[in-house]
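In what follows, a structure is listed as C-alpha cells, so that the remarks can point back to it.
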Amino acid sequence: MACTLGVPLPVFGAADTLTIGITQFPSTFHPAINLMAAKQYILAMALRPVTDYGHDWKLRCFLCTRLPTIENGLAQRVELADGGTGVAVTYQLHPDATWGDGTPVTSADVVFTWETALREGTGFAAREEYARILKIDVIDAKTFTLHVDRLTYTYNAFGGAILPAHLEAEPAREPAEYRNRTLYDTRPTEPGLWYGPYRITEVASGSHVVLEPNPTWYGEAPAFGRIVVRVIENTAALRANLLSGAVDYVAGQVGFNVDEALAFERDDEGTFDVSFVPSLIYEHVDFNLDSAYFQDRQVRQAMMYAIDRKAFVDALFGGKQQVAHSLMHPLAPGFDPEVRAYAYDPERAAQLLEAAGWSRGSDGIRVNAEGRRLSFPLMTTAGSRVRELVQQVLQAQFREVGVEALIRNEPARVFFGQTVSQRTNPGLNMYAFLSTPEGVPVEMLRSDRIPSEDNGYSGQNFPGYRSDRMDELLDALELELDPDKRNAMWSELQQMYAEDLPAMPLYFRVEPYVVPVWLSGVRPTGHQVPATMWIEEWRAVE
C-alpha cells in the first residue's frame, strides 16, 4: 500500500477542514476487493455506485440518470436458450461523470470492470454479481445494457464498483498479481481513480487519509476544503481526541460503541447531538467449519447455549442493542419471529458436548478420544474496547462448560485483510456484517463463495459453510418475484441458519452518532450505505 512516511499529520481543526475519527484503517483502497466497512466509509466520498439504497431503504440511482424498471421499459424480460428467464437492463451514466484526471467515466469502464472481475485470481469480493452478466452491449459512451442470466426481484440493482480502464488495465494484466499491483493501493492519490465529490490526496498507512474536492465532480459542490479521516483504533483515545478538538466528528459505523455514545449523552453540555440509529449491522462470531473443533453441529449448538447474550447485551449496551437469533434484523423484510432462539442453558451445552465426544479433562477443559483439547483462538479487531469486553464474557462462559477460547487480536487491516479473508484462524472470528434491505446473503452462505487460494480469496463465505439445500434456497429466493412466497423462503433460510450455525449470532448494532452541533447534513441510513455517500450535503452551520 502506498503511504507517506515521516511526514507530519495534517493541520487539524482548520476552518475549512473536517476531521473525522474512525477506528479501523482499510486493508485496501480497491473498491471491489475486501468489503471492509472502514473502506466503504472513506470511498463513499470519492466514488459512487451505479445504484444503491437510499435513506428510505429503496433502490435509487447514484451514477445513473434514471433507475431502470420493467415498467419504464429500460428493463426487459429475456427468454434464454436454456429455457430460463433472464433480463436485459439498460443504464445511462451521468453525462458529466468524469474521473479526476479529466477522463470521462464510460461504458468501456463498465466492460473492463466486468471482464476483470471474471478473471480468476483478481480477488473481487462480490464476483458473483459480475458472473451473472452474460454480456454487455455498449450502446454509446454513456449507455450500456447488461444481459443477466436470471430475473431476480433486485434485477435493477447494480452496486458494483466501476474501475478506470485507462489506469487499471496494466495492473490487471496478470490476475494473480492484481491485488498487489492495483493503483488503488500502489498509488491511491492518483486523481484518475476517483470520480466522486472528493478524491484521496494523502494516505499515511495506519494513521490518516486526506481527501480534497474533486474538480471534475459533476454534482453539488462539497463544502469542506479538506476531509481528514484519522484512524484511532483505541476507542478511549478516540473519545479523548474528540473532547480535545483534535477530531471533529466520529463516524457512526466505524467509530464509537454504544457505551461511549451513552457516556457522551450523559455528560455532554450541548456540544454534541447524540443519536442511536437501528441498523442492519450484524455482530456475530464465525466458526471455521473446516476445523476439527466445529465440524459437529452439536458443538456449535452447545456453544450457543453456553453464552448469555441478553445479559451481556443489557449490561454493556444499556438495552440499546438487540439480541440476534439469526442473520436477519427484525426490521428487515422477510424476518421470521419464530426462528429458533438459543436461551442461556449451560447444562444443555454440557450435554451436547458430551454427546459430541468431548469430555472434561483433569484441568476442566474438554478433550476428545484422541486427547485433543477443545482449545482454539477467539479473534477480533484490536483496540475495540467493547468487542474486547464481549470476548472476555464469551471466554469466561465458554470455560464454564469446558471450552477454552484463547484471545488473540489483530489490527483491523491484518484481521480482515488476511485472517478472515484467507480463513487462517482454526477457531472463532468476531466481527460485523453490513447488509442491504432484503439482500440475499449469497456471498455469505453459498458453497461456491468460500474464499480460497484457487479463487484468489474472492467470496465472503468465511466460515466455509456448505449446504446443497441452502444453495438451492438462495438461488430460488432471488428469482421469486412474489413477496409472500419469498417470505416463506426467508423463513426456511433463517431456520436452517439457526440449526446449522455457520456463525454464532450475537446482536444487531445500533449506530451511535456523536455529531457536533455545528455540523449539519449527516443522515444515517441504517444499512450498509454509509452517511458519507451524501458528503456533499454536509455543512458547517452557525
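Here, A, B, ... name the chains of the C-alpha cells in the order displayed, residue numbers run from 1 inside each chain, and ligands are numbered from 1 in the same displayed order.
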
Just the residues within 9 Å of Asp468 in chain A, please, counting only C-alpha atoms, with nothing from its chain fewer than 3 positions along; format it as a tab-separated table (two decimals) with C-alpha atoms, in the first residue's frame.
chain	number	residue	atom	x	y	z
A	446	ARG	CA	-23.37	-20.12	-0.95
A	447	SER	CA	-20.98	-23.07	-1.16
A	471	ASP	CA	-27.61	-23.16	-2.31
A	472	GLU	CA	-30.97	-24.10	-3.86
A	473	LEU	CA	-32.80	-21.79	-1.49

Sorted by chain and rising residue number, list the residues of range 76-185 of chain A at most 9 Å from range 56-62 of chain A (counting only C-alpha atoms), each with its closest atom pair and distance in Å to one decimal, as CSV.
residue,atom,partner,partner_atom,distance
A:His94,CA,A:Phe62,CA,8.7
A:Thr154,CA,A:Leu59,CA,8.9
A:Asn156,CA,A:Leu59,CA,8.5
A:Ala157,CA,A:Leu59,CA,7.1

So which one's closest to Ala97 in chain A, A:Ala396, A:Ile133, A:Ala141, A:Val440? Using only C-alpha atoms, please.
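The shortest atom-to-atom distance to Ala97 in chain A comes from A:Ala141.
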
Wanna dump the range 457-496 of chain A-range 314-329 of chain A contacts at 12 Å for me, each residue with its shortest atom pair and the distance in Å to one decimal, counting only C-alpha atoms, ordered by chain and number, as JSON lines?
{"residue": "A:Trp490", "atom": "CA", "partner": "A:Met328", "partner_atom": "CA", "distance": 9.2}
{"residue": "A:Ser491", "atom": "CA", "partner": "A:Met328", "partner_atom": "CA", "distance": 10.1}
{"residue": "A:Glu492", "atom": "CA", "partner": "A:Ser326", "partner_atom": "CA", "distance": 11.5}
{"residue": "A:Leu493", "atom": "CA", "partner": "A:Ser326", "partner_atom": "CA", "distance": 9.5}
{"residue": "A:Gln494", "atom": "CA", "partner": "A:Ser326", "partner_atom": "CA", "distance": 6.1}
{"residue": "A:Gln495", "atom": "CA", "partner": "A:Ser326", "partner_atom": "CA", "distance": 8.1}
{"residue": "A:Met496", "atom": "CA", "partner": "A:Ser326", "partner_atom": "CA", "distance": 9.5}

Name all residues at most 10 Å from Phe415 in chain A (count only C-alpha atoms; drop same-chain ones fewer than 2 positions away) and give them as a list in words.
Ser27, Met379, Thr380, Thr381, Ala382, Asn409, Glu410, Pro411, Ala412, Arg413, Gly417, Gln418, Thr419, Val420, Ser421, Gln422, Thr424, Asn425, Asn429 and Tyr431 of chain A

I need the chosen residues saved as a PDB file, in the first residue's frame, with N, CA and C atoms.
ATOM      1  N   SER A  27      -7.689  -2.210   4.771  1.00  0.00           N
ATOM      2  CA  SER A  27      -6.629  -3.113   4.329  1.00  0.00           C
ATOM      3  C   SER A  27      -6.322  -2.916   2.851  1.00  0.00           C
ATOM      4  N   MET A 379     -10.704 -14.482  17.990  1.00  0.00           N
ATOM      5  CA  MET A 379     -10.047 -13.289  17.462  1.00  0.00           C
ATOM      6  C   MET A 379     -11.045 -12.213  17.048  1.00  0.00           C
ATOM      7  N   THR A 380     -10.600 -10.967  17.151  1.00  0.00           N
ATOM      8  CA  THR A 380     -11.354  -9.832  16.631  1.00  0.00           C
ATOM      9  C   THR A 380     -10.381  -8.689  16.375  1.00  0.00           C
ATOM     10  N   THR A 381     -10.922  -7.508  16.079  1.00  0.00           N
ATOM     11  CA  THR A 381     -10.084  -6.343  15.793  1.00  0.00           C
ATOM     12  C   THR A 381      -9.533  -5.758  17.086  1.00  0.00           C
ATOM     13  N   ALA A 382      -8.223  -5.516  17.125  1.00  0.00           N
ATOM     14  CA  ALA A 382      -7.590  -4.954  18.314  1.00  0.00           C
ATOM     15  C   ALA A 382      -8.020  -3.506  18.520  1.00  0.00           C
ATOM     16  N   ASN A 409      -5.935 -10.931  19.282  1.00  0.00           N
ATOM     17  CA  ASN A 409      -6.495  -9.894  18.412  1.00  0.00           C
ATOM     18  C   ASN A 409      -5.435  -9.284  17.505  1.00  0.00           C
ATOM     19  N   GLU A 410      -5.906  -8.672  16.423  1.00  0.00           N
ATOM     20  CA  GLU A 410      -5.021  -8.089  15.424  1.00  0.00           C
ATOM     21  C   GLU A 410      -5.572  -6.749  14.962  1.00  0.00           C
ATOM     22  N   PRO A 411      -4.712  -5.854  14.442  1.00  0.00           N
ATOM     23  CA  PRO A 411      -5.238  -4.634  13.816  1.00  0.00           C
ATOM     24  C   PRO A 411      -6.219  -4.993  12.703  1.00  0.00           C
ATOM     25  N   ALA A 412      -7.201  -4.137  12.504  1.00  0.00           N
ATOM     26  CA  ALA A 412      -8.276  -4.456  11.561  1.00  0.00           C
ATOM     27  C   ALA A 412      -7.753  -4.777  10.170  1.00  0.00           C
ATOM     28  N   ARG A 413      -6.741  -4.041   9.713  1.00  0.00           N
ATOM     29  CA  ARG A 413      -6.256  -4.260   8.348  1.00  0.00           C
ATOM     30  C   ARG A 413      -5.624  -5.642   8.192  1.00  0.00           C
ATOM     31  N   GLY A 417      -7.781  -8.294   6.266  1.00  0.00           N
ATOM     32  CA  GLY A 417      -7.016  -8.484   5.044  1.00  0.00           C
ATOM     33  C   GLY A 417      -6.399  -9.860   4.906  1.00  0.00           C
ATOM     34  N   GLN A 418      -6.157 -10.555   6.029  1.00  0.00           N
ATOM     35  CA  GLN A 418      -5.520 -11.868   5.969  1.00  0.00           C
ATOM     36  C   GLN A 418      -6.308 -12.928   6.739  1.00  0.00           C
ATOM     37  N   THR A 419      -6.454 -12.737   8.033  1.00  0.00           N
ATOM     38  CA  THR A 419      -7.017 -13.794   8.882  1.00  0.00           C
ATOM     39  C   THR A 419      -8.417 -14.194   8.465  1.00  0.00           C
ATOM     40  N   VAL A 420      -9.305 -13.210   8.274  1.00  0.00           N
ATOM     41  CA  VAL A 420     -10.684 -13.520   7.899  1.00  0.00           C
ATOM     42  C   VAL A 420     -10.772 -13.924   6.435  1.00  0.00           C
ATOM     43  N   SER A 421     -10.234 -13.076   5.551  1.00  0.00           N
ATOM     44  CA  SER A 421     -10.410 -13.316   4.120  1.00  0.00           C
ATOM     45  C   SER A 421      -9.696 -14.573   3.643  1.00  0.00           C
ATOM     46  N   GLN A 422      -8.607 -14.973   4.320  1.00  0.00           N
ATOM     47  CA  GLN A 422      -7.878 -16.175   3.914  1.00  0.00           C
ATOM     48  C   GLN A 422      -8.146 -17.366   4.832  1.00  0.00           C
ATOM     49  N   THR A 424      -7.469 -18.230   7.962  1.00  0.00           N
ATOM     50  CA  THR A 424      -6.291 -18.840   8.588  1.00  0.00           C
ATOM     51  C   THR A 424      -6.499 -19.200  10.053  1.00  0.00           C
ATOM     52  N   ASN A 425      -7.551 -18.695  10.676  1.00  0.00           N
ATOM     53  CA  ASN A 425      -7.802 -18.985  12.087  1.00  0.00           C
ATOM     54  C   ASN A 425      -8.638 -20.250  12.217  1.00  0.00           C
ATOM     55  N   ASN A 429     -13.816 -16.123  14.763  1.00  0.00           N
ATOM     56  CA  ASN A 429     -13.591 -14.731  14.378  1.00  0.00           C
ATOM     57  C   ASN A 429     -14.836 -13.910  14.666  1.00  0.00           C
ATOM     58  N   TYR A 431     -16.770 -10.327  14.295  1.00  0.00           N
ATOM     59  CA  TYR A 431     -16.806  -9.075  13.544  1.00  0.00           C
ATOM     60  C   TYR A 431     -18.253  -8.825  13.138  1.00  0.00           C
TER      61      TYR A 431
END

Which residues of range 381-452 of chain A sit at most 12 Å from range 478-483 of chain A, using only C-alpha atoms? Give each one's shortest atom pair and distance in Å (one decimal place), in chain and ascending residue order, as a tab-separated table.
residue	atom	partner	partner_atom	distance
A:Glu438	CA	A:Glu478	CA	10.1
A:Gly439	CA	A:Glu478	CA	9.1
A:Val440	CA	A:Glu478	CA	6.9
A:Pro441	CA	A:Glu478	CA	10.0
A:Val442	CA	A:Glu478	CA	9.3

Residues as selected, N, CA and C atoms, written as a PDB file, in the first residue's frame, can you do that?
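Result file out-v1.pdb:
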ATOM      1  N   GLU A 438     -33.350  -6.579   2.585  1.00  0.00           N
ATOM      2  CA  GLU A 438     -33.736  -7.803   1.884  1.00  0.00           C
ATOM      3  C   GLU A 438     -32.654  -8.263   0.902  1.00  0.00           C
ATOM      4  N   GLY A 439     -31.408  -8.035   1.270  1.00  0.00           N
ATOM      5  CA  GLY A 439     -30.320  -8.525   0.438  1.00  0.00           C
ATOM      6  C   GLY A 439     -30.105 -10.010   0.655  1.00  0.00           C
ATOM      7  N   VAL A 440     -30.121 -10.795  -0.405  1.00  0.00           N
ATOM      8  CA  VAL A 440     -29.938 -12.244  -0.292  1.00  0.00           C
ATOM      9  C   VAL A 440     -28.468 -12.536   0.015  1.00  0.00           C
ATOM     10  N   PRO A 441     -28.173 -13.285   1.081  1.00  0.00           N
ATOM     11  CA  PRO A 441     -26.774 -13.484   1.515  1.00  0.00           C
ATOM     12  C   PRO A 441     -26.031 -14.541   0.701  1.00  0.00           C
ATOM     13  N   VAL A 442     -26.033 -14.372  -0.602  1.00  0.00           N
ATOM     14  CA  VAL A 442     -25.359 -15.323  -1.485  1.00  0.00           C
ATOM     15  C   VAL A 442     -23.876 -15.394  -1.148  1.00  0.00           C
TER      16      VAL A 442
END

Give me, as a PyMOL selection string, the residues of range 138-186 of chain A that a backbone DSSP run labels helix (DSSP H, G or I).
chain A and resi 165-168+171-173+175-181+183-186

Show me, as number ranges by chain, the residues that have an atom within 9 Å of Asp286 in chain A when counting only C-alpha atoms, minus same-chain residues fewer than 3 positions from it.
A: 289, 427-431, 462-463, 501-505
